[in-house]
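Content type compact mmCIF, C-alpha atoms, from the file final31.txt:
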# COMPACT_ATOMS: atom_id res chain seq x y z
CA MET X 1 127.44 120.10 107.02
CA ASP X 2 129.58 117.38 105.50
CA PHE X 3 129.33 117.26 101.68
CA HIS X 4 129.33 113.43 101.63
CA TYR X 5 126.48 113.38 104.16
CA LEU X 6 124.39 115.69 101.98
CA LYS X 7 125.19 113.59 98.93
CA ARG X 8 124.00 110.41 100.67
CA LYS X 9 120.83 112.14 101.81
CA PHE X 10 120.16 113.35 98.26
CA TYR X 11 120.60 109.88 96.73
CA ASN X 12 118.49 108.35 99.49
CA LEU X 13 115.69 110.83 98.82
CA LEU X 14 116.00 110.26 95.07
CA ALA X 15 115.79 106.48 95.43
CA LEU X 16 112.85 106.76 97.83
CA THR X 17 111.01 109.09 95.45
CA VAL X 18 111.56 106.79 92.46
CA SER X 19 110.39 103.80 94.49
CA ILE X 20 107.21 105.54 95.63
CA LEU X 21 106.42 106.77 92.12
CA SER X 22 107.01 103.29 90.67
CA ALA X 23 104.75 101.71 93.30
CA GLY X 24 102.08 104.32 92.68
CA PHE X 25 102.33 103.76 88.92
CA GLY X 26 101.75 100.03 89.33
CA ILE X 27 98.94 100.43 91.88
CA PHE X 28 97.19 102.99 89.66
CA PHE X 29 96.98 100.60 86.70
CA LEU X 30 96.08 97.69 88.97
CA PHE X 31 93.05 99.53 90.30
CA TRP X 32 92.22 100.76 86.79
CA ILE X 33 92.10 97.16 85.56
CA LEU X 34 90.10 96.06 88.61
CA LYS X 35 87.64 98.92 88.04
CA ASP X 36 86.97 97.83 84.47
CA VAL X 37 86.70 94.15 85.41
CA ILE X 38 84.22 94.93 88.19
CA SER X 39 82.16 97.47 86.25
CA PHE X 40 81.84 95.27 83.14
CA GLY X 41 81.98 91.83 84.75
CA PHE X 42 79.78 92.10 87.83
CA PRO X 43 76.56 92.93 85.87
CA ALA X 44 77.03 89.69 83.88
CA LEU X 45 76.73 87.54 87.01
CA SER X 46 73.35 85.92 87.58
CA ALA X 47 71.86 82.61 88.63
CA GLY X 48 71.93 81.46 85.00
CA PHE X 49 75.61 82.37 84.70
CA PHE X 50 76.44 79.65 87.25
CA THR X 51 73.82 77.05 86.30
CA GLU X 52 73.24 77.18 82.53
CA LEU X 53 75.24 76.02 79.52
CA PRO X 54 76.48 78.48 76.89
CA ALA X 55 73.74 79.67 74.53
CA PRO X 56 74.06 78.99 70.78
CA PRO X 57 75.76 81.73 68.72
CA GLY X 58 73.45 84.71 68.33
CA ALA X 59 71.01 83.58 71.03
CA GLU X 60 70.62 85.50 74.27
CA GLY X 61 71.03 84.09 77.75
CA GLY X 62 73.02 81.06 78.77
CA GLY X 63 75.85 80.74 81.24
CA LEU X 64 79.26 79.26 81.88
CA ALA X 65 78.36 76.43 84.23
CA ASN X 66 80.33 73.82 82.27
CA ALA X 67 83.39 76.08 82.08
CA ILE X 68 83.29 76.74 85.83
CA PHE X 69 83.03 73.01 86.52
CA GLY X 70 85.83 72.24 84.03
CA THR X 71 88.13 74.82 85.60
CA ILE X 72 87.57 73.38 89.08
CA LEU X 73 88.04 69.81 87.81
CA ILE X 74 91.27 70.46 85.91
CA THR X 75 92.73 72.63 88.68
CA CYS X 76 92.00 69.98 91.31
CA ILE X 77 93.60 67.24 89.22
CA ALA X 78 96.62 69.45 88.50
CA THR X 79 96.95 70.15 92.23
CA ALA X 80 96.72 66.44 93.03
CA ILE X 81 99.56 65.77 90.56
CA GLY X 82 101.80 68.79 91.08
CA VAL X 83 101.63 69.39 94.83
CA PRO X 84 102.69 65.94 96.16
CA SER X 85 105.39 65.66 93.49
CA GLY X 86 106.68 69.16 94.26
CA ILE X 87 106.72 68.62 98.03
CA LEU X 88 108.52 65.28 97.68
CA ALA X 89 111.09 66.85 95.34
CA GLY X 90 111.57 69.78 97.72
CA THR X 91 111.98 67.33 100.60
CA TYR X 92 114.70 65.48 98.72
CA LEU X 93 116.54 68.72 97.95
CA SER X 94 116.38 69.90 101.56
CA GLU X 95 116.69 66.72 103.59
CA TYR X 96 118.52 64.11 101.50
CA GLY X 97 120.14 65.45 98.33
CA ARG X 98 121.28 68.89 99.49
CA LYS X 99 124.62 69.41 97.65
CA SER X 100 124.51 66.32 95.45
CA ARG X 101 124.75 66.52 91.67
CA ILE X 102 121.19 65.28 91.25
CA ALA X 103 119.93 68.01 93.58
CA SER X 104 121.85 70.66 91.64
CA ALA X 105 120.35 69.39 88.37
CA VAL X 106 116.83 69.42 89.84
CA ARG X 107 117.28 72.99 91.10
CA PHE X 108 118.59 74.08 87.70
CA LEU X 109 115.67 72.50 85.83
CA SER X 110 113.22 73.93 88.36
CA ASP X 111 114.60 77.44 87.85
CA ILE X 112 114.25 77.02 84.08
CA LEU X 113 110.64 75.83 84.39
CA VAL X 114 109.72 78.82 86.56
CA SER X 115 110.51 81.19 83.69
CA ALA X 116 109.37 78.90 80.85
CA PRO X 117 106.50 80.34 78.76
CA SER X 118 103.28 78.49 79.52
CA ILE X 119 102.51 78.09 75.81
CA VAL X 120 105.73 76.09 75.40
CA ILE X 121 104.59 73.76 78.17
CA GLY X 122 101.25 73.45 76.40
CA VAL X 123 102.95 72.45 73.14
CA PHE X 124 105.13 69.95 75.04
CA VAL X 125 102.10 68.26 76.63
CA TYR X 126 100.33 68.33 73.26
CA ALA X 127 103.20 66.34 71.75
CA LEU X 128 103.38 64.08 74.81
CA LEU X 129 99.69 63.27 75.47
CA VAL X 130 97.31 64.85 72.95
CA LYS X 131 98.94 63.80 69.68
CA PRO X 132 99.80 60.18 70.65
CA PHE X 133 96.38 59.49 72.20
CA GLY X 134 94.45 61.17 69.41
CA GLY X 135 92.50 63.89 71.17
CA PHE X 136 92.27 66.72 73.64
CA SER X 137 91.39 65.83 77.23
CA ALA X 138 91.01 67.14 80.75
CA ILE X 139 93.92 64.95 81.83
CA ALA X 140 96.24 66.62 79.31
CA GLY X 141 95.18 70.05 80.57
CA ALA X 142 95.75 69.02 84.18
CA VAL X 143 99.21 67.67 83.36
CA ALA X 144 100.15 70.96 81.66
CA LEU X 145 99.01 72.98 84.67
CA SER X 146 100.78 70.62 87.09
CA ILE X 147 104.06 71.16 85.22
CA ILE X 148 103.58 74.91 85.66
CA MET X 149 102.87 74.42 89.38
CA LEU X 150 105.76 72.03 89.96
CA PRO X 151 108.76 74.42 90.11
CA VAL X 152 106.92 76.86 92.39
CA VAL X 153 106.05 74.11 94.86
CA ILE X 154 109.53 72.55 94.69
CA ARG X 155 111.41 75.76 95.45
CA THR X 156 108.95 76.86 98.13
CA ALA X 157 109.03 73.48 99.87
CA GLU X 158 112.81 73.37 99.80
CA GLU X 159 113.26 76.88 101.19
CA MET X 160 110.63 76.42 103.90
CA LEU X 161 112.15 73.11 105.01
CA LYS X 162 115.59 74.72 105.15
CA LEU X 163 114.24 77.32 107.58
CA VAL X 164 113.63 74.60 110.17
CA PRO X 165 116.73 74.69 112.45
CA ASP X 166 119.14 71.75 112.20
CA SER X 167 119.14 71.60 116.00
CA THR X 168 115.48 70.54 115.87
CA ARG X 169 116.35 67.67 113.55
CA GLU X 170 119.32 66.65 115.72
CA ALA X 171 117.20 66.68 118.86
CA ALA X 172 114.64 64.34 117.29
CA LEU X 173 117.34 62.07 115.89
CA ALA X 174 119.03 61.96 119.30
CA LEU X 175 115.82 60.55 120.78
CA GLY X 176 116.12 57.59 118.41
CA ALA X 177 113.58 58.60 115.78
CA PRO X 178 114.40 57.45 112.23
CA HIS X 179 115.11 60.10 109.62
CA TRP X 180 111.82 59.66 107.77
CA LYS X 181 109.82 60.14 110.98
CA VAL X 182 111.82 63.26 111.84
CA THR X 183 111.04 64.66 108.41
CA LEU X 184 107.37 63.71 108.52
CA PHE X 185 106.45 64.65 112.08
CA VAL X 186 108.98 67.35 113.01
CA VAL X 187 110.32 69.12 109.92
CA TYR X 188 107.04 69.16 108.01
CA ARG X 189 105.22 70.52 111.03
CA GLY X 190 107.65 73.42 111.32
CA ALA X 191 107.39 74.28 107.62
CA LEU X 192 103.66 73.62 107.15
CA ARG X 193 102.54 77.25 106.88
CA GLY X 194 105.21 78.19 104.36
CA ILE X 195 104.57 75.14 102.20
CA THR X 196 100.82 75.81 102.28
CA THR X 197 101.46 79.37 101.13
CA GLY X 198 103.57 78.16 98.20
CA VAL X 199 100.89 75.68 97.18
CA MET X 200 98.18 78.35 97.21
CA LEU X 201 100.32 80.75 95.17
CA ALA X 202 100.94 77.98 92.64
CA VAL X 203 97.20 77.29 92.40
CA ALA X 204 96.53 81.01 91.95
CA ARG X 205 99.08 81.14 89.14
CA VAL X 206 97.60 78.29 87.09
CA SER X 207 94.00 79.47 87.64
CA GLY X 208 94.45 82.16 84.98
CA GLU X 209 96.39 80.16 82.40
CA THR X 210 94.93 80.00 78.90
CA ALA X 211 97.69 79.13 76.41
CA PRO X 212 98.51 75.59 77.66
CA LEU X 213 94.81 74.68 77.81
CA LEU X 214 94.29 75.67 74.17
CA PHE X 215 96.70 72.86 73.23
CA THR X 216 95.52 70.28 75.77
CA SER X 217 91.95 70.40 77.10
CA PHE X 218 90.75 72.63 74.23
CA ASN X 219 87.07 73.49 74.88
CA ASN X 220 83.55 72.06 74.98
CA SER X 221 80.12 73.72 74.79
CA PHE X 222 78.44 70.97 76.82
CA TRP X 223 78.80 69.16 80.11
CA ASN X 224 81.68 66.72 80.14
CA PHE X 225 82.46 64.35 82.99
CA LYS X 226 84.99 62.20 81.12
CA LEU X 227 88.64 62.97 81.77
CA THR X 228 89.60 61.74 78.31
CA GLU X 229 87.39 64.20 76.41
CA PRO X 230 87.78 67.93 75.57
CA THR X 231 86.72 70.01 78.57
CA ALA X 232 85.63 73.64 78.84
CA THR X 233 87.49 76.04 81.13
CA LEU X 234 86.84 79.64 82.06
CA THR X 235 90.05 80.99 80.58
CA VAL X 236 89.60 79.37 77.18
CA THR X 237 85.92 80.35 77.11
CA ILE X 238 86.86 83.96 77.90
CA PHE X 239 89.40 83.86 75.07
CA ASN X 240 86.83 82.53 72.58
CA TYR X 241 84.05 84.87 73.68
CA ALA X 242 86.30 87.93 73.63
CA LEU X 243 87.08 87.21 69.96
CA GLY X 244 83.42 86.60 69.08
CA PRO X 245 81.19 89.09 67.24
CA TYR X 246 78.29 89.02 69.72
CA GLU X 247 77.79 91.52 72.54
CA ASP X 248 76.39 88.79 74.83
CA TRP X 249 79.59 86.84 74.41
CA HIS X 250 81.64 89.89 75.36
CA GLN X 251 79.50 90.36 78.47
CA MET X 252 79.99 86.69 79.42
CA ALA X 253 83.73 87.08 78.90
CA TRP X 254 83.78 90.02 81.32
CA GLY X 255 81.81 87.95 83.83
CA GLY X 256 84.29 85.09 83.57
CA ALA X 257 87.21 87.50 83.97
CA PHE X 258 85.59 88.96 87.08
CA LEU X 259 85.06 85.49 88.57
CA ILE X 260 88.67 84.42 87.96
CA THR X 261 89.95 87.72 89.35
CA VAL X 262 87.96 87.25 92.56
CA ILE X 263 89.20 83.67 92.96
CA VAL X 264 92.85 84.60 92.41
CA LEU X 265 92.62 87.59 94.76
CA LEU X 266 91.04 85.43 97.48
CA VAL X 267 93.73 82.78 97.15
CA ASN X 268 96.49 85.40 97.36
CA LEU X 269 94.87 87.10 100.36
CA ILE X 270 94.56 83.79 102.19
CA SER X 271 98.24 83.03 101.51
CA ARG X 272 99.23 86.45 102.87
CA ILE X 273 97.18 85.82 106.01
CA ILE X 274 98.96 82.50 106.48
CA VAL X 275 102.36 84.16 106.14
CA ARG X 276 101.37 86.85 108.64
CA GLY X 277 100.17 84.20 111.05
CA LYS X 278 103.53 82.46 110.79
CA ALA X 279 105.45 85.71 111.34
CA SER X 280 103.45 86.51 114.48
How does the structure come out when it is put into structure tokens?
Amino acid sequence: MDFHYLKRKFYNLLALTVSILSAGFGIFFLFWILKDVISFGFPALSAGFFTELPAPPGAEGGGLANAIFGTILITCIATAIGVPSGILAGTYLSEYGRKSRIASAVRFLSDILVSAPSIVIGVFVYALLVKPFGGFSAIAGAVALSIIMLPVVIRTAEEMLKLVPDSTREAALALGAPHWKVTLFVVYRGALRGITTGVMLAVARVSGETAPLLFTSFNNSFWNFKLTEPTATLTVTIFNYALGPYEDWHQMAWGGAFLITVIVLLVNLISRIIVRGKAS
């Protein structure tokens, strides 16, 4: 047989073996982490976990009801800020700006924000909102999370809109429809699944953020329905409880970690189902 053919086969087998081993290595530790989260976190779940406030230090019982509510509240506000802004920016990059200098600058800044450490964003929002207004707040936490979401939504929206064929746009424009109607009723409809997937992945990403919330929403041991006051979140509560000296706190931290893991996994699974539905 040809020597070059055998050489290519050898390198192909080597690359395939390394890839399989690398995938197996990652999957092994993923399931190891999931095993610990489930085995330690699931027993902590109870009716009180979802309905009661945290117990005083050293006391047994209590729950994380306020932290669950705070996480939902801040995530919803962050989504309301980051998603429309990201979709509008992605629409400009795809439909109007394209190769303009402003579009290039937006893409460059978006790529930087994607890789920016979340703690840096937290410090930025602290200097922008917390320090000038004299206190931590749910709004500041939501703004920090929306900044983290923004580049993901922008790039996803732009790429999904670009996948819509130009012939579809030209056909709608040829019928006399204005550009904004073509974008709203034709282009958006063709890219809806992809944009929805990007939004859900962005929400999944910010659901587990802790560092920016330490500088913005901080924490609270009680119910808080004011957006201008410190607000409890699951991630910050897990961080505080994990550092605490009490075994009950550690158990609650595992329960919070299990709950966040389940939520993030569900969001990612739903996004994968949406992508598969689009591909079929």
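Here atom CA of X:Gly256 and atom CA of X:Gly62 stand 12.9 Å from one another.
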Legend entry - Sphere at (95.8, 78.5, 72.1), radius 10 Å, counting only C-alpha atoms: residues as a ChimeraX atom specification: /X:119,122-123,210-216,218,236,239-240
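Atom CA of X:Thr228 is found 12.9 Å from atom CA of X:Lys131.
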Within 12 Å of stretch 185-202 of chain X: each stretch 107-165 of chain X residue with its shortest pair, all atoms listed in the file, as CSV:
residue,atom,partner,partner_atom,distance
X:Val114,CA,X:Ala202,CA,10.7
X:Leu145,CA,X:Ala202,CA,9.6
X:Ser146,CA,X:Ala202,CA,9.2
X:Ile147,CA,X:Ala202,CA,10.6
X:Ile148,CA,X:Ala202,CA,8.1
X:Met149,CA,X:Ala202,CA,5.2
X:Leu150,CA,X:Ala202,CA,8.1
X:Pro151,CA,X:Ala202,CA,9.0
X:Val152,CA,X:Ala202,CA,6.1
X:Val153,CA,X:Gly198,CA,5.8
X:Ile154,CA,X:Gly198,CA,8.9
X:Arg155,CA,X:Gly198,CA,8.6
X:Thr156,CA,X:Gly198,CA,5.5
X:Ala157,CA,X:Ile195,CA,5.3
X:Glu158,CA,X:Ile195,CA,8.8
X:Glu159,CA,X:Gly194,CA,8.8
X:Met160,CA,X:Ala191,CA,5.4
X:Leu161,CA,X:Ala191,CA,5.6
X:Lys162,CA,X:Ala191,CA,8.6
X:Leu163,CA,X:Ala191,CA,7.5
X:Val164,CA,X:Gly190,CA,6.2
X:Pro165,CA,X:Val187,CA,8.9
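As for atom CA of X:Ile139 and atom CA of X:Ala103, they are spaced 28.7 Å apart.
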Inset, instruction - Name all residues at most 8 Å from X:Leu173 (count only C-alpha atoms; drop same-chain ones fewer than 5 positions away) and give them as a PyMOL selection string. - result: chain X and resi 178-179+182
Legend entry - For X:Ile72: contacts at 12 Å, only C-alpha atoms, fewer than 3 positions along chain excluded, given as number ranges by chain: X: 65-69, 75-79, 138, 141-142, 203, 206-208, 231-235, 260, 263
Inset, instruction - Counting all atoms listed in the file, note down every residue that has an atom within 8 Å of the point (78.7, 72.7, 76.3) (file coordinates), as an MDAnalysis selection string. - result: chainID X and resid 53:54 66 220:224 232
Legend entry - Nearest to X:Gly61 by atom-to-atom distance, counting only C-alpha atoms, from X:Leu128, X:Leu269, X:Tyr241, X:Met252: X:Met252
Listed atoms of stretch 248-254 of chain X boxed axis-aligned with 4 Å per side, centre + edges as AutoDock Vina command-line options:
--center_x 80.1 --center_y 88.5 --center_z 77.9 --size_x 15.4 --size_y 11.7 --size_z 14.9
Inset, instruction - Please provide as a list in words all residues within 12 Å of X:Val37, with the sequence filter that same-chain residues fewer than 5 positions apart are discarded (counting only C-alpha atoms). - result: Leu30, Phe31, Trp32, Phe42, Pro43, Ala44, Gln251, Met252, Ala253, Trp254, Gly255, Gly256, Ala257, Phe258, Leu259, Ile260, Thr261 and Val262 of chain X
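Shortest atom-to-atom contact with X:Leu45 among X:Gly26, X:Pro84, X:Gly63, X:Gly90: X:Gly63, counting all atoms listed in the file.
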